[in-house]
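*Asks:* Take a look at the following structure, please.
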Amino acid sequence: MAIAVHEGLELSPEYIIEEILALHRDIRDLSDEEILYGPSDRNGELFRKLDALITLEMDDKIALEILQKEELEPIFTDIIRFRNLYTVKLETEHANEVLADKSPWDVLEQFPFYGNYLKLVRTEYEGLGLKAGDRVAFLGSGPLPLTLVVFFRQYGVKSIGIEQNSTRAYMSKRVLEKLGLSEDIRILNGNHFSLDGRDFVPGPDSGVKALMVAAQAEPKKEIFGHLLEVMPVGSRISCRIYEKGLRKLLNGSCLFDLPEGFEEQERVHPEPPVYNTVVFLEKKR
């Protein structure tokens, strides 16, 4: 679904804000349960409208002007909540399809964003300097751990997924069992406080080579504050963020103010169909 833009109408801040407010009126009263379990047609239409809105081509100055309006912060919070929960809904529905089918791999590859994951994982594999047999950890792996599945299937990289929601963690374990990957990909029901850093000691025999942080993993400030305390010097981290135009609103809190002690090594900007910029970091002290 495309946002209707009349011929000759510039994408002014006023126009974009009105579109944001109109979308917000449709989602603000939806409970978490209604988003996760409500009618797919209606919520799917709102999800597509939101994606069309945040991917509009516009000057970054206009996007920044909108995103800096303090009065819109509660509205952005509602929008982020809706998008994150509806994404969980999509992943959960597809996970159930994988579990129910005799050809789970074929079903897995039919996930609408499967191609995005192929490109995103390739970026992280190359940026982190990984090789087959390495192990990574991923904070915020969700009910359908596609990142981890693609890492192993494409590159032979094993992993530990960390998911704080117990229902989603259990579902992802069932999916991995269905795909025959339970020995290569392990799911931990926990959050960033589950990481104590002992597995991240650099060296050829270390257990985990790098930590990846999902775009939806929050709160970023608390996460990176904890990682600064527990991870050893030299630890490699990649974090997915949204950086272009109105996509920035999806960050919630983002990586622009890293705690001292982390150094940005590289920033890889997305190429279609990927939305995420990947930021590569190293702990320096």
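Naming works like this for the structure tokens: A, B, ... for the chains as they're shown, residue 1 at the start of each chain, ligands 1 onward in shown order.
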What are the nearest atom pairs, with distances in Å to one decimal, for all residues of segment 144-212 of chain A that come at most 12 Å from segment 218-222 of chain A, using only C-alpha atoms, set out by chain and rising residue number as a Markdown table?
*Replies:*
| residue | atom | partner | partner_atom | distance |
| --- | --- | --- | --- | --- |
| A:Glu163 | CA | A:Glu218 | CA | 11.7 |
| A:Gln164 | CA | A:Glu218 | CA | 10.8 |
| A:Asn191 | CA | A:Glu218 | CA | 9.7 |
| A:His192 | CA | A:Glu222 | CA | 8.7 |
| A:Phe193 | CA | A:Glu222 | CA | 9.7 |
*Asks:* Take the selection from the previous step and output its residues with N, CA and C atoms, as a PDB file, in the first residue's frame.
*Replies:*
ATOM      1  N   GLU A 163      16.258 -14.855  23.872  1.00  0.00           N
ATOM      2  CA  GLU A 163      14.906 -14.305  23.708  1.00  0.00           C
ATOM      3  C   GLU A 163      14.256 -14.185  25.080  1.00  0.00           C
ATOM      4  N   GLN A 164      13.800 -12.972  25.421  1.00  0.00           N
ATOM      5  CA  GLN A 164      13.288 -12.756  26.771  1.00  0.00           C
ATOM      6  C   GLN A 164      11.858 -13.236  26.970  1.00  0.00           C
ATOM      7  N   ASN A 191      17.626 -12.281  28.823  1.00  0.00           N
ATOM      8  CA  ASN A 191      17.829 -10.966  28.224  1.00  0.00           C
ATOM      9  C   ASN A 191      19.302 -10.598  28.321  1.00  0.00           C
ATOM     10  N   HIS A 192      19.621  -9.302  28.180  1.00  0.00           N
ATOM     11  CA  HIS A 192      21.031  -8.902  28.182  1.00  0.00           C
ATOM     12  C   HIS A 192      21.722  -9.214  29.502  1.00  0.00           C
ATOM     13  N   PHE A 193      20.948  -9.267  30.591  1.00  0.00           N
ATOM     14  CA  PHE A 193      21.556  -9.604  31.879  1.00  0.00           C
ATOM     15  C   PHE A 193      21.964 -11.083  31.945  1.00  0.00           C
TER      16      PHE A 193
END
*Asks:* For Tyr86 of chain A, list every protein, DNA or RNA residue within 12 Å, evaluated using only C-alpha atoms, and leave out those in the same chain fewer than 5 positions away; present the list as an MDAnalysis selection string.
*Replies:* chainID A and resid 27 30:48 50:51 79:81 91:93
*Asks:* Which polymer residues have any atom within 10 Å of an atom of Ala132 of chain A, counting only C-alpha atoms, with same-chain residues fewer than 4 positions away left out, as a ChimeraX atom specification?
*Replies:* /A:125,151-152,154-158
*Asks:* Restrict the selected residues to C-alpha atoms and save them as an mmCIF file, in the first residue's frame.
*Replies:*
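Generated output (again_13.cif):
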data_model
loop_
_atom_site.group_PDB
_atom_site.id
_atom_site.type_symbol
_atom_site.label_atom_id
_atom_site.label_comp_id
_atom_site.auth_asym_id
_atom_site.auth_seq_id
_atom_site.Cartn_x
_atom_site.Cartn_y
_atom_site.Cartn_z
ATOM 1 C CA TYR A 125 29.223 -12.529 8.498
ATOM 2 C CA PHE A 151 23.924 -18.058 9.557
ATOM 3 C CA PHE A 152 24.219 -21.811 9.890
ATOM 4 C CA GLN A 154 24.669 -20.351 4.464
ATOM 5 C CA TYR A 155 27.954 -20.168 6.352
ATOM 6 C CA GLY A 156 28.150 -22.987 8.911
ATOM 7 C CA VAL A 157 28.168 -20.518 11.833
ATOM 8 C CA LYS A 158 26.622 -21.899 15.026
#
*Asks:* Output as a tab-separated table one row per residue of segment 145-228 of chain A within 12 Å of segment 261-276 of chain A: the closest atom pair and its distance in Å to one decimal place, counting only C-alpha atoms, sorted by chain and residue number ascending.
*Replies:*
residue	atom	partner	partner_atom	distance
A:Val213	CA	A:Asn276	CA	11.9
A:Ala214	CA	A:Asn276	CA	9.9
A:Ala215	CA	A:Asn276	CA	7.8
A:Gln216	CA	A:Asn276	CA	11.1
A:Phe224	CA	A:Phe262	CA	8.9
A:Gly225	CA	A:Gly261	CA	9.9
A:His226	CA	A:Gly261	CA	11.9
A:Leu227	CA	A:Phe262	CA	9.6
A:Leu228	CA	A:Gly261	CA	6.9
*Asks:* Hey, can you spit out that residue selection with N, CA, C and O atoms as a compact mmCIF listing (two decimals), in the first residue's frame?
*Replies:*
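See again-v4.txt below for the written result:
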# COMPACT_ATOMS: atom_id res chain seq x y z
N VAL A 213 23.14 -7.64 18.17
CA VAL A 213 22.01 -7.06 18.89
C VAL A 213 20.93 -6.72 17.87
O VAL A 213 21.17 -5.96 16.92
N ALA A 214 19.74 -7.27 18.06
CA ALA A 214 18.63 -7.04 17.13
C ALA A 214 18.16 -5.59 17.18
O ALA A 214 18.31 -4.90 18.19
N ALA A 215 17.57 -5.13 16.08
CA ALA A 215 17.06 -3.77 16.03
C ALA A 215 16.00 -3.53 17.09
O ALA A 215 15.90 -2.44 17.67
N GLN A 216 15.19 -4.57 17.39
CA GLN A 216 14.10 -4.43 18.35
C GLN A 216 14.53 -4.63 19.80
O GLN A 216 13.72 -4.45 20.70
N PHE A 224 23.76 -1.69 26.40
CA PHE A 224 25.17 -1.41 26.17
C PHE A 224 25.90 -1.02 27.46
O PHE A 224 27.11 -1.25 27.59
N GLY A 225 25.17 -0.46 28.40
CA GLY A 225 25.78 -0.22 29.71
C GLY A 225 26.19 -1.51 30.38
O GLY A 225 27.28 -1.61 30.96
N HIS A 226 25.33 -2.53 30.29
CA HIS A 226 25.65 -3.83 30.88
C HIS A 226 26.79 -4.50 30.12
O HIS A 226 27.71 -5.07 30.75
N LEU A 227 26.75 -4.43 28.80
CA LEU A 227 27.81 -5.06 28.00
C LEU A 227 29.16 -4.43 28.30
O LEU A 227 30.19 -5.12 28.32
N LEU A 228 29.17 -3.12 28.54
CA LEU A 228 30.42 -2.45 28.87
C LEU A 228 31.01 -3.00 30.16
O LEU A 228 32.23 -3.11 30.31
*Asks:* In Å, rounded to a single decimal, give me how far atom CA of Met231 of chain A is from atom CA of Leu148 of chain A.
*Replies:*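 Taking atom CA of Leu148 of chain A and atom CA of Met231 of chain A, their separation equals 21.4 Å.
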*Asks:* Going by DSSP on the backbone, which residues of segment 30-278 of chain A come out as strand (DSSP E or B)? List them as a VMD selection string.
*Replies:* chain A and resid 135 to 139 158 to 163 185 to 189 210 to 213 236 to 241 262 to 268 277 to 278
*Asks:* Mind writing the picked residues with N, CA, C and O atoms as a compact mmCIF listing (two decimals), in the first residue's frame?
*Replies:*
# COMPACT_ATOMS: atom_id res chain seq x y z
N ARG A 135 31.03 -19.53 16.47
CA ARG A 135 29.76 -19.41 17.18
C ARG A 135 29.51 -17.94 17.53
O ARG A 135 30.43 -17.23 17.92
N VAL A 136 28.26 -17.51 17.36
CA VAL A 136 27.88 -16.15 17.72
C VAL A 136 26.69 -16.20 18.67
O VAL A 136 26.02 -17.24 18.80
N ALA A 137 26.43 -15.08 19.32
CA ALA A 137 25.23 -14.93 20.15
C ALA A 137 24.39 -13.80 19.56
O ALA A 137 24.93 -12.83 19.02
N PHE A 138 23.07 -13.95 19.67
CA PHE A 138 22.16 -12.96 19.09
C PHE A 138 21.12 -12.58 20.13
O PHE A 138 20.35 -13.43 20.59
N LEU A 139 21.10 -11.31 20.49
CA LEU A 139 20.18 -10.81 21.51
C LEU A 139 18.90 -10.33 20.84
O LEU A 139 18.91 -9.38 20.07
N LYS A 158 27.54 -21.47 13.98
CA LYS A 158 26.62 -21.90 15.03
C LYS A 158 26.27 -20.71 15.91
O LYS A 158 26.91 -19.66 15.83
N SER A 159 25.26 -20.90 16.78
CA SER A 159 24.82 -19.71 17.51
C SER A 159 24.03 -20.04 18.77
O SER A 159 23.57 -21.16 18.97
N ILE A 160 23.91 -18.98 19.58
CA ILE A 160 23.04 -18.98 20.75
C ILE A 160 22.08 -17.80 20.58
O ILE A 160 22.52 -16.66 20.46
N GLY A 161 20.79 -18.08 20.56
CA GLY A 161 19.79 -17.03 20.49
C GLY A 161 19.26 -16.72 21.88
O GLY A 161 19.00 -17.63 22.66
N ILE A 162 19.13 -15.44 22.20
CA ILE A 162 18.64 -15.02 23.51
C ILE A 162 17.32 -14.29 23.31
O ILE A 162 17.27 -13.26 22.64
N GLU A 163 16.26 -14.86 23.87
CA GLU A 163 14.91 -14.31 23.71
C GLU A 163 14.26 -14.18 25.08
O GLU A 163 14.15 -15.17 25.81
N ILE A 185 22.10 -24.73 16.94
CA ILE A 185 21.55 -23.45 17.38
C ILE A 185 20.82 -23.67 18.69
O ILE A 185 19.88 -24.46 18.77
N ARG A 186 21.25 -22.96 19.72
CA ARG A 186 20.64 -23.09 21.04
C ARG A 186 19.90 -21.81 21.39
O ARG A 186 20.36 -20.71 21.10
N ILE A 187 18.74 -21.95 22.01
CA ILE A 187 17.94 -20.80 22.42
C ILE A 187 17.94 -20.69 23.94
O ILE A 187 17.67 -21.66 24.64
N LEU A 188 18.24 -19.50 24.42
CA LEU A 188 18.23 -19.21 25.85
C LEU A 188 17.10 -18.24 26.16
O LEU A 188 17.00 -17.18 25.53
N ASN A 189 16.22 -18.59 27.09
CA ASN A 189 15.16 -17.68 27.53
C ASN A 189 15.76 -16.71 28.55
O ASN A 189 15.98 -17.06 29.70
N ALA A 210 31.36 -13.35 18.56
CA ALA A 210 30.76 -12.01 18.46
C ALA A 210 29.34 -12.05 19.00
O ALA A 210 28.69 -13.10 19.05
N LEU A 211 28.88 -10.86 19.39
CA LEU A 211 27.50 -10.69 19.83
C LEU A 211 26.78 -9.79 18.84
O LEU A 211 27.31 -8.75 18.44
N MET A 212 25.57 -10.18 18.45
CA MET A 212 24.73 -9.36 17.58
C MET A 212 23.52 -8.90 18.37
O MET A 212 22.94 -9.67 19.13
N VAL A 213 23.14 -7.64 18.17
CA VAL A 213 22.01 -7.06 18.89
C VAL A 213 20.93 -6.72 17.87
O VAL A 213 21.17 -5.96 16.92
N ARG A 236 33.73 -8.20 20.01
CA ARG A 236 33.11 -7.65 18.81
C ARG A 236 31.59 -7.71 18.95
O ARG A 236 31.02 -8.70 19.40
N ILE A 237 30.95 -6.62 18.53
CA ILE A 237 29.49 -6.51 18.60
C ILE A 237 28.99 -5.91 17.29
O ILE A 237 29.62 -5.00 16.73
N SER A 238 27.88 -6.42 16.79
CA SER A 238 27.18 -5.75 15.70
C SER A 238 25.77 -5.42 16.17
O SER A 238 25.18 -6.16 16.94
N CYS A 239 25.29 -4.27 15.74
CA CYS A 239 23.94 -3.84 16.13
C CYS A 239 23.20 -3.32 14.91
O CYS A 239 23.75 -2.55 14.12
N ARG A 240 21.96 -3.76 14.77
CA ARG A 240 21.12 -3.31 13.66
C ARG A 240 20.33 -2.08 14.10
O ARG A 240 19.68 -2.11 15.14
N ILE A 241 20.39 -1.04 13.30
CA ILE A 241 19.60 0.16 13.58
C ILE A 241 18.92 0.63 12.29
O ILE A 241 19.24 0.14 11.19
N PHE A 262 33.31 1.75 24.01
CA PHE A 262 33.01 1.10 22.73
C PHE A 262 33.49 2.01 21.60
O PHE A 262 33.31 3.23 21.64
N GLU A 263 34.06 1.42 20.60
CA GLU A 263 34.52 2.18 19.42
C GLU A 263 33.85 1.63 18.18
O GLU A 263 33.85 0.41 17.95
N GLU A 264 33.28 2.51 17.38
CA GLU A 264 32.66 2.09 16.13
C GLU A 264 33.75 1.76 15.11
O GLU A 264 34.61 2.59 14.82
N GLN A 265 33.70 0.56 14.55
CA GLN A 265 34.67 0.11 13.57
C GLN A 265 34.20 0.34 12.14
O GLN A 265 35.00 0.67 11.26
N GLU A 266 32.91 0.14 11.93
CA GLU A 266 32.37 0.24 10.57
C GLU A 266 30.86 0.41 10.65
O GLU A 266 30.23 -0.01 11.61
N ARG A 267 30.32 1.06 9.63
CA ARG A 267 28.87 1.24 9.54
C ARG A 267 28.45 0.92 8.11
O ARG A 267 28.84 1.61 7.17
N VAL A 268 27.69 -0.16 7.94
CA VAL A 268 27.29 -0.60 6.60
C VAL A 268 25.83 -0.22 6.37
O VAL A 268 24.94 -0.69 7.08
N THR A 277 20.70 -0.51 8.86
CA THR A 277 22.13 -0.24 8.89
C THR A 277 22.73 -1.17 9.94
O THR A 277 22.12 -1.41 10.99
N VAL A 278 23.91 -1.71 9.67
CA VAL A 278 24.60 -2.55 10.65
C VAL A 278 25.83 -1.79 11.15
O VAL A 278 26.67 -1.37 10.36
*Asks:* Using Å and a single decimal, report how far atom CA of Val279 of chain A sits from atom CA of Leu249 of chain A.
*Replies:* 17.1 Å
*Asks:* So which one's closest to Asp78 of chain A, A:Leu281, A:Leu23, A:Ala169, A:Val121? Using only C-alpha atoms, please.
*Replies:* A:Leu23
*Asks:* Go through A:Leu99, A:Val230, A:Leu128, A:Leu53 and flag the residue nearest Gly180 of chain A, using only C-alpha atoms for the distances.
*Replies:*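 Among A:Leu99, A:Val230, A:Leu128, A:Leu53, it is A:Leu99 that comes nearest to Gly180 of chain A.
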*Asks:* From the set A:Glu282, A:Ser235, A:Asp26, A:Tyr170, which residue has the shortest atom-to-atom contact distance to Phe82 of chain A, counting only C-alpha atoms?
*Replies:*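 Closest residue, counting only C-alpha atoms: A:Asp26.
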